[in-house]
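Report on one structure; see the data block that follows.
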Amino acid sequence: MAEALQGIVVLDLTAYLAGPYGCALLGDVGADVIKIEPPAGDNTRNYPSSLDEENRTFLGANRNKRSIVLNLKHSDGLAAFYRLVEKADVVVHNFRPAVPARLGIDYETLRRRRPDLIYCSFTGYGENENGPLRDHPGFDTMLQCFTGIAAMQGVFTGGQPQVMTGSIVDYYSASIVTIAILSALVHRLRTGEGQHVRASLLRSAISLQAGNFIWAEGEPRDIQRFWGQSYSGIYPAKDGHLYLQATTQSFWKNLCEYLGFPELADDPRYDTLVKRNVLRHEIRPLIRDALVQRTALEWEQLLLGKVPCVAVRSMEDMFDHPQVVAEGIVVEHEHPRVGKYKAMGKAVQMGVGDKLTTRAPMLGEHTEEVLAQFGFADDELAAMRANGAAA
């Protein structure tokens, strides 16, 4: 059966993490994603890595793509890109706002060649000309610090701002980019119209905090916005650590029963989450004393389905955990340089037309294949390679 986005051609000009992973998500559901790299390649390829010759982040963020090398600063490379645009559906880039016009790949220029083109620009702070940070470089950790995420982590670190590891803003931005493009594709399907859609790290970082990003009229500026999770959290066990979160009344009752203080289940002092939050300094020691009687894995098994909890594990544990294996989340690839490696398969499972995941491409691995697909003759490609327009 046809894949969801089969026949949709995406020209991916993005680098680093958010944009590339957003395009990989489109590839998950069948889009033909062509990663167009400069001669030096996506900058992430050159970042430090414990893998020889390849970067771990690049491999993880660029599945389901083919890579070609085009030098857009060379007239022949730009001309070749224009030919690809004429047959493509989507163009995605993460250049700073002034760069596309300078390169000749801004929306107005490209829509003249493909009127129904979906053009997605992903920036750090947005593109409005009145924005003072419009042309400032933007990275995940910078936006965490700029938008309050790092300051919010200070709630747990004695007031010291703390950047969250794991590139959370980048990965969330990737989802936003995907949503924007899919929405534009649906709009084009209904109306025949292309459009310019915009996303930014700034919007994503604030969106991540939507549950706290509320300021009611009359409230002071420093109103308390984050209440934590009452007595929920990570506790030491006899061996390892356990995270638990028993916020509903039924889960609270189960927690009291299994941890050995059943008399508190219906105690009127603790019969609402609000009350338990106020008295969390009383509840936490009880939980802590109980949990050290068993290992984290023993508690997880005992409380399975009764109290929301999990033993704290490492990322490495996910490669062969039975639940992950059962869901088919991990796939194995063969790479010319890395050899065999395991990686994330797909973010979603489709009911029909579910495709296999392909590995991240090497730099320029598909230049010849892709340009031939778009009608370039062998002598054209040879000339472009000779003059540095392609590789």
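Letters for chains follow the order of the structure tokens (A, B, ...), residue numbers begin at 1 for each chain, and ligand numbers begin at 1 in the order shown.
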
Sorted by chain and rising residue number, list the residues of segment 54-91 of chain A at most 10 Å from segment 186-202 of chain A (counting only C-alpha atoms), each with its closest atom pair and distance in Å to one decimal, as a Markdown table.
| residue | atom | partner | partner_atom | distance |
| --- | --- | --- | --- | --- |
| A:Asp89 | CA | A:Gly194 | CA | 8.8 |
| A:Val90 | CA | A:Gly194 | CA | 9.2 |
| A:Val91 | CA | A:His196 | CA | 9.6 |

_Which of segment 245-360 of chain A end up as strand (DSSP E or B) when DSSP is run on this backbone - answer as a list in words?_
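Output for segment 245-360 of chain A, strand (DSSP E or B) only: Cys309, Val310, Ala311, Val330, Val331, Glu332, His333, Glu334, His335, Gly339, Lys340, Tyr341, Lys342, Ala343 and Met344 of chain A.
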
Store the residues of this selection in a file with C-alpha atoms, as a short mmCIF file (atom, residue, chain, number, x, y, z; two decimals), in the first residue's frame.
data_model
loop_
_atom_site.label_atom_id
_atom_site.label_comp_id
_atom_site.auth_asym_id
_atom_site.auth_seq_id
_atom_site.Cartn_x
_atom_site.Cartn_y
_atom_site.Cartn_z
CA CYS A 309 6.44 4.15 38.88
CA VAL A 310 9.53 3.03 37.00
CA ALA A 311 13.04 2.05 37.97
CA VAL A 330 15.00 -0.06 17.58
CA VAL A 331 16.30 -1.01 14.14
CA GLU A 332 19.72 -2.13 12.94
CA HIS A 333 21.59 -0.61 10.02
CA GLU A 334 24.73 -1.45 8.10
CA HIS A 335 26.97 1.57 7.48
CA GLY A 339 29.51 -1.08 10.38
CA LYS A 340 26.38 -2.35 12.10
CA TYR A 341 24.65 0.04 14.45
CA LYS A 342 21.34 0.13 16.29
CA ALA A 343 19.21 3.27 16.20
CA MET A 344 15.75 4.71 16.61
#

*Check segment 196-377 of chain A with DSSP on the backbone and list each residue it calls helix (DSSP H, G or I), as an MDAnalysis selection string.*
chainID A and resid 201:207 249:259 262:264 268:270 273:278 280:291 296:302 315:319 322:327 367:373

*asked:* I'd like the contact shell of Asp32 of chain A - 12 Å cut-off, only C-alpha atoms, skipping same-chain residues fewer than 6 positions apart - returned as number ranges by chain.
replied: A: 3-12, 23-26, 63-67, 87-91, 355, 358, 370, 373

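Shortest separation to Ala80 of chain A among A:Ala386, A:Leu371, A:Met350, A:Met152 occurs at residue A:Leu371, atoms counted being only C-alpha atoms.
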
*So, counting only C-alpha atoms, which residue among A:Glu37, A:Glu300, A:Glu380, A:Glu316 is closest to Glu368 of chain A?*
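The shortest atom-to-atom distance to Glu368 of chain A comes from A:Glu380.
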
*asked:* What does the structure give for the distance between atom CA of Asp354 of chain A and atom CA of Gly27 of chain A, in Å to one decimal?
replied: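 Computed distance, atom CA of Asp354 of chain A to atom CA of Gly27 of chain A, equals 11.1 Å.
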
*Which residue gives the smallest distance to Ser173 of chain A among A:Leu286, A:Ala205, A:Ala360, A:Ile149, with only C-alpha atoms counted?*
A:Ala205

*Rounded to one decimal in Å, what is the spacing between atom CA of Leu185 of chain A and atom CA of Leu84 of chain A?*
18.3 Å

*asked:* Calculated over only C-alpha atoms, which of the candidates A:Ala2, A:Ser230, A:Ile34, A:Thr357 has the smallest distance to Leu279 of chain A?
replied: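 For Leu279 of chain A, the nearest of the given residues is A:Ser230.
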
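Between atom CA of Ala40 of chain A and atom CA of Glu365 of chain A lies a distance of 13.5 Å.
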
_For Cys256 of chain A, find every residue with an atom within 6 Å (counting only C-alpha atoms), except residues of its own chain fewer than 4 positions away, and show them as a PyMOL selection string._
chain A and resi 261-262+265

Preceding selection exported with all heavy atoms as a short mmCIF file (atom, residue, chain, number, x, y, z; two decimals), in the first residue's frame:
data_model
loop_
_atom_site.label_atom_id
_atom_site.label_comp_id
_atom_site.auth_asym_id
_atom_site.auth_seq_id
_atom_site.Cartn_x
_atom_site.Cartn_y
_atom_site.Cartn_z
N PHE A 261 1.74 2.12 54.94
CA PHE A 261 1.04 3.06 55.82
C PHE A 261 -0.40 3.24 55.34
O PHE A 261 -0.84 4.33 54.97
CB PHE A 261 1.76 4.42 55.92
CG PHE A 261 2.41 4.91 54.65
CD1 PHE A 261 1.70 5.65 53.70
CD2 PHE A 261 3.75 4.66 54.41
CE1 PHE A 261 2.30 6.12 52.55
CE2 PHE A 261 4.36 5.12 53.25
CZ PHE A 261 3.63 5.86 52.32
N PRO A 262 -1.18 2.13 55.34
CA PRO A 262 -2.55 2.15 54.82
C PRO A 262 -3.47 3.10 55.57
O PRO A 262 -4.49 3.55 55.02
CB PRO A 262 -3.01 0.70 54.97
CG PRO A 262 -2.15 0.14 56.04
CD PRO A 262 -0.82 0.81 55.88
N ALA A 265 -4.39 6.42 53.83
CA ALA A 265 -5.12 6.44 52.56
C ALA A 265 -6.39 7.29 52.65
O ALA A 265 -6.73 8.01 51.71
CB ALA A 265 -5.47 5.01 52.14
#

_Contacts of segment 312-315 of chain A at 12 Å (only C-alpha atoms; same-chain gap of 4+ positions) as a PyMOL selection string_ = chain A and resi 166+233-237+239-244+295-297+299-300+319-321+324+343-344

*Which neighbours of Met384 of chain A fall inside 12 Å, counting only C-alpha atoms, when residues of the same chain fewer than 2 positions from it are skipped, and could you give them as a ChimeraX atom specification?*
/A:69-72,74-80,367-368,371,376-382,386-391

How would the residues just chosen look if you wrote them out with N, CA, C and O atoms as an mmCIF file, in the first residue's frame?
data_model
loop_
_atom_site.group_PDB
_atom_site.id
_atom_site.type_symbol
_atom_site.label_atom_id
_atom_site.label_comp_id
_atom_site.auth_asym_id
_atom_site.auth_seq_id
_atom_site.Cartn_x
_atom_site.Cartn_y
_atom_site.Cartn_z
ATOM 1 N N VAL A 69 25.486 16.729 -2.685
ATOM 2 C CA VAL A 69 26.293 17.916 -2.428
ATOM 3 C C VAL A 69 26.099 18.907 -3.565
ATOM 4 O O VAL A 69 26.380 18.603 -4.729
ATOM 5 N N LEU A 70 25.569 20.094 -3.215
ATOM 6 C CA LEU A 70 25.444 21.198 -4.158
ATOM 7 C C LEU A 70 26.033 22.447 -3.514
ATOM 8 O O LEU A 70 25.720 22.759 -2.364
ATOM 9 N N ASN A 71 26.850 23.143 -4.252
ATOM 10 C CA ASN A 71 27.403 24.405 -3.780
ATOM 11 C C ASN A 71 26.489 25.532 -4.250
ATOM 12 O O ASN A 71 26.557 25.956 -5.402
ATOM 13 N N LEU A 72 25.612 26.011 -3.363
ATOM 14 C CA LEU A 72 24.642 27.038 -3.749
ATOM 15 C C LEU A 72 25.293 28.391 -3.975
ATOM 16 O O LEU A 72 24.642 29.307 -4.502
ATOM 17 N N HIS A 74 27.823 28.671 -5.929
ATOM 18 C CA HIS A 74 28.304 28.550 -7.305
ATOM 19 C C HIS A 74 27.095 28.665 -8.232
ATOM 20 O O HIS A 74 26.041 28.084 -7.970
ATOM 21 N N SER A 75 27.223 29.402 -9.298
ATOM 22 C CA SER A 75 26.072 29.640 -10.193
ATOM 23 C C SER A 75 25.493 28.338 -10.730
ATOM 24 O O SER A 75 24.269 28.191 -10.845
ATOM 25 N N ASP A 76 26.347 27.373 -11.064
ATOM 26 C CA ASP A 76 25.842 26.105 -11.580
ATOM 27 C C ASP A 76 25.154 25.293 -10.483
ATOM 28 O O ASP A 76 24.167 24.597 -10.744
ATOM 29 N N GLY A 77 25.676 25.385 -9.266
ATOM 30 C CA GLY A 77 25.039 24.689 -8.160
ATOM 31 C C GLY A 77 23.672 25.272 -7.863
ATOM 32 O O GLY A 77 22.710 24.534 -7.600
ATOM 33 N N LEU A 78 23.571 26.601 -7.913
ATOM 34 C CA LEU A 78 22.285 27.258 -7.677
ATOM 35 C C LEU A 78 21.303 26.931 -8.797
ATOM 36 O O LEU A 78 20.116 26.674 -8.541
ATOM 37 N N ALA A 79 21.789 26.915 -10.034
ATOM 38 C CA ALA A 79 20.925 26.573 -11.161
ATOM 39 C C ALA A 79 20.390 25.152 -11.031
ATOM 40 O O ALA A 79 19.220 24.876 -11.338
ATOM 41 N N ALA A 80 21.248 24.247 -10.558
ATOM 42 C CA ALA A 80 20.805 22.868 -10.353
ATOM 43 C C ALA A 80 19.738 22.801 -9.260
ATOM 44 O O ALA A 80 18.748 22.073 -9.384
ATOM 45 N N THR A 367 24.345 11.874 -4.825
ATOM 46 C CA THR A 367 24.333 12.995 -5.774
ATOM 47 C C THR A 367 24.003 12.515 -7.180
ATOM 48 O O THR A 367 23.111 13.056 -7.851
ATOM 49 N N GLU A 368 24.700 11.506 -7.638
ATOM 50 C CA GLU A 368 24.484 11.014 -8.994
ATOM 51 C C GLU A 368 23.076 10.461 -9.163
ATOM 52 O O GLU A 368 22.373 10.772 -10.147
ATOM 53 N N LEU A 371 20.356 13.461 -8.970
ATOM 54 C CA LEU A 371 20.365 14.356 -10.123
ATOM 55 C C LEU A 371 19.892 13.633 -11.382
ATOM 56 O O LEU A 371 19.212 14.241 -12.225
ATOM 57 N N PHE A 376 19.146 15.238 -14.950
ATOM 58 C CA PHE A 376 20.491 15.693 -15.286
ATOM 59 C C PHE A 376 21.218 14.599 -16.059
ATOM 60 O O PHE A 376 21.216 13.425 -15.660
ATOM 61 N N ALA A 377 21.865 14.999 -17.135
ATOM 62 C CA ALA A 377 22.643 14.057 -17.927
ATOM 63 C C ALA A 377 24.010 13.832 -17.276
ATOM 64 O O ALA A 377 24.476 14.635 -16.467
ATOM 65 N N ASP A 378 24.653 12.726 -17.658
ATOM 66 C CA ASP A 378 25.948 12.391 -17.077
ATOM 67 C C ASP A 378 26.972 13.484 -17.297
ATOM 68 O O ASP A 378 27.771 13.790 -16.413
ATOM 69 N N ASP A 379 26.966 14.087 -18.506
ATOM 70 C CA ASP A 379 27.966 15.119 -18.779
ATOM 71 C C ASP A 379 27.707 16.388 -17.967
ATOM 72 O O ASP A 379 28.646 17.101 -17.593
ATOM 73 N N GLU A 380 26.445 16.662 -17.640
ATOM 74 C CA GLU A 380 26.137 17.815 -16.784
ATOM 75 C C GLU A 380 26.704 17.611 -15.384
ATOM 76 O O GLU A 380 27.313 18.514 -14.801
ATOM 77 N N LEU A 381 26.496 16.417 -14.842
ATOM 78 C CA LEU A 381 27.004 16.126 -13.509
ATOM 79 C C LEU A 381 28.518 16.166 -13.503
ATOM 80 O O LEU A 381 29.139 16.702 -12.569
ATOM 81 N N ALA A 382 29.135 15.621 -14.544
ATOM 82 C CA ALA A 382 30.601 15.609 -14.616
ATOM 83 C C ALA A 382 31.143 17.036 -14.644
ATOM 84 O O ALA A 382 32.140 17.358 -13.979
ATOM 85 N N ALA A 386 33.436 18.907 -11.845
ATOM 86 C CA ALA A 386 34.730 19.459 -12.248
ATOM 87 C C ALA A 386 34.900 20.912 -11.802
ATOM 88 O O ALA A 386 36.001 21.340 -11.443
ATOM 89 N N ASN A 387 33.798 21.676 -11.827
ATOM 90 C CA ASN A 387 33.919 23.103 -11.466
ATOM 91 C C ASN A 387 33.567 23.398 -10.012
ATOM 92 O O ASN A 387 33.531 24.559 -9.603
ATOM 93 N N GLY A 388 33.271 22.352 -9.234
ATOM 94 C CA GLY A 388 33.015 22.539 -7.813
ATOM 95 C C GLY A 388 31.586 22.889 -7.454
ATOM 96 O O GLY A 388 31.304 23.206 -6.305
ATOM 97 N N ALA A 389 30.667 22.777 -8.420
ATOM 98 C CA ALA A 389 29.265 23.079 -8.139
ATOM 99 C C ALA A 389 28.555 21.922 -7.447
ATOM 100 O O ALA A 389 27.519 22.112 -6.804
ATOM 101 N N ALA A 390 29.092 20.717 -7.594
ATOM 102 C CA ALA A 390 28.501 19.528 -6.998
ATOM 103 C C ALA A 390 29.617 18.559 -6.634
ATOM 104 O O ALA A 390 30.756 18.702 -7.065
ATOM 105 N N ALA A 391 29.242 17.583 -5.823
ATOM 106 C CA ALA A 391 30.210 16.559 -5.443
ATOM 107 C C ALA A 391 29.476 15.264 -5.112
ATOM 108 O O ALA A 391 28.269 15.266 -4.862
#
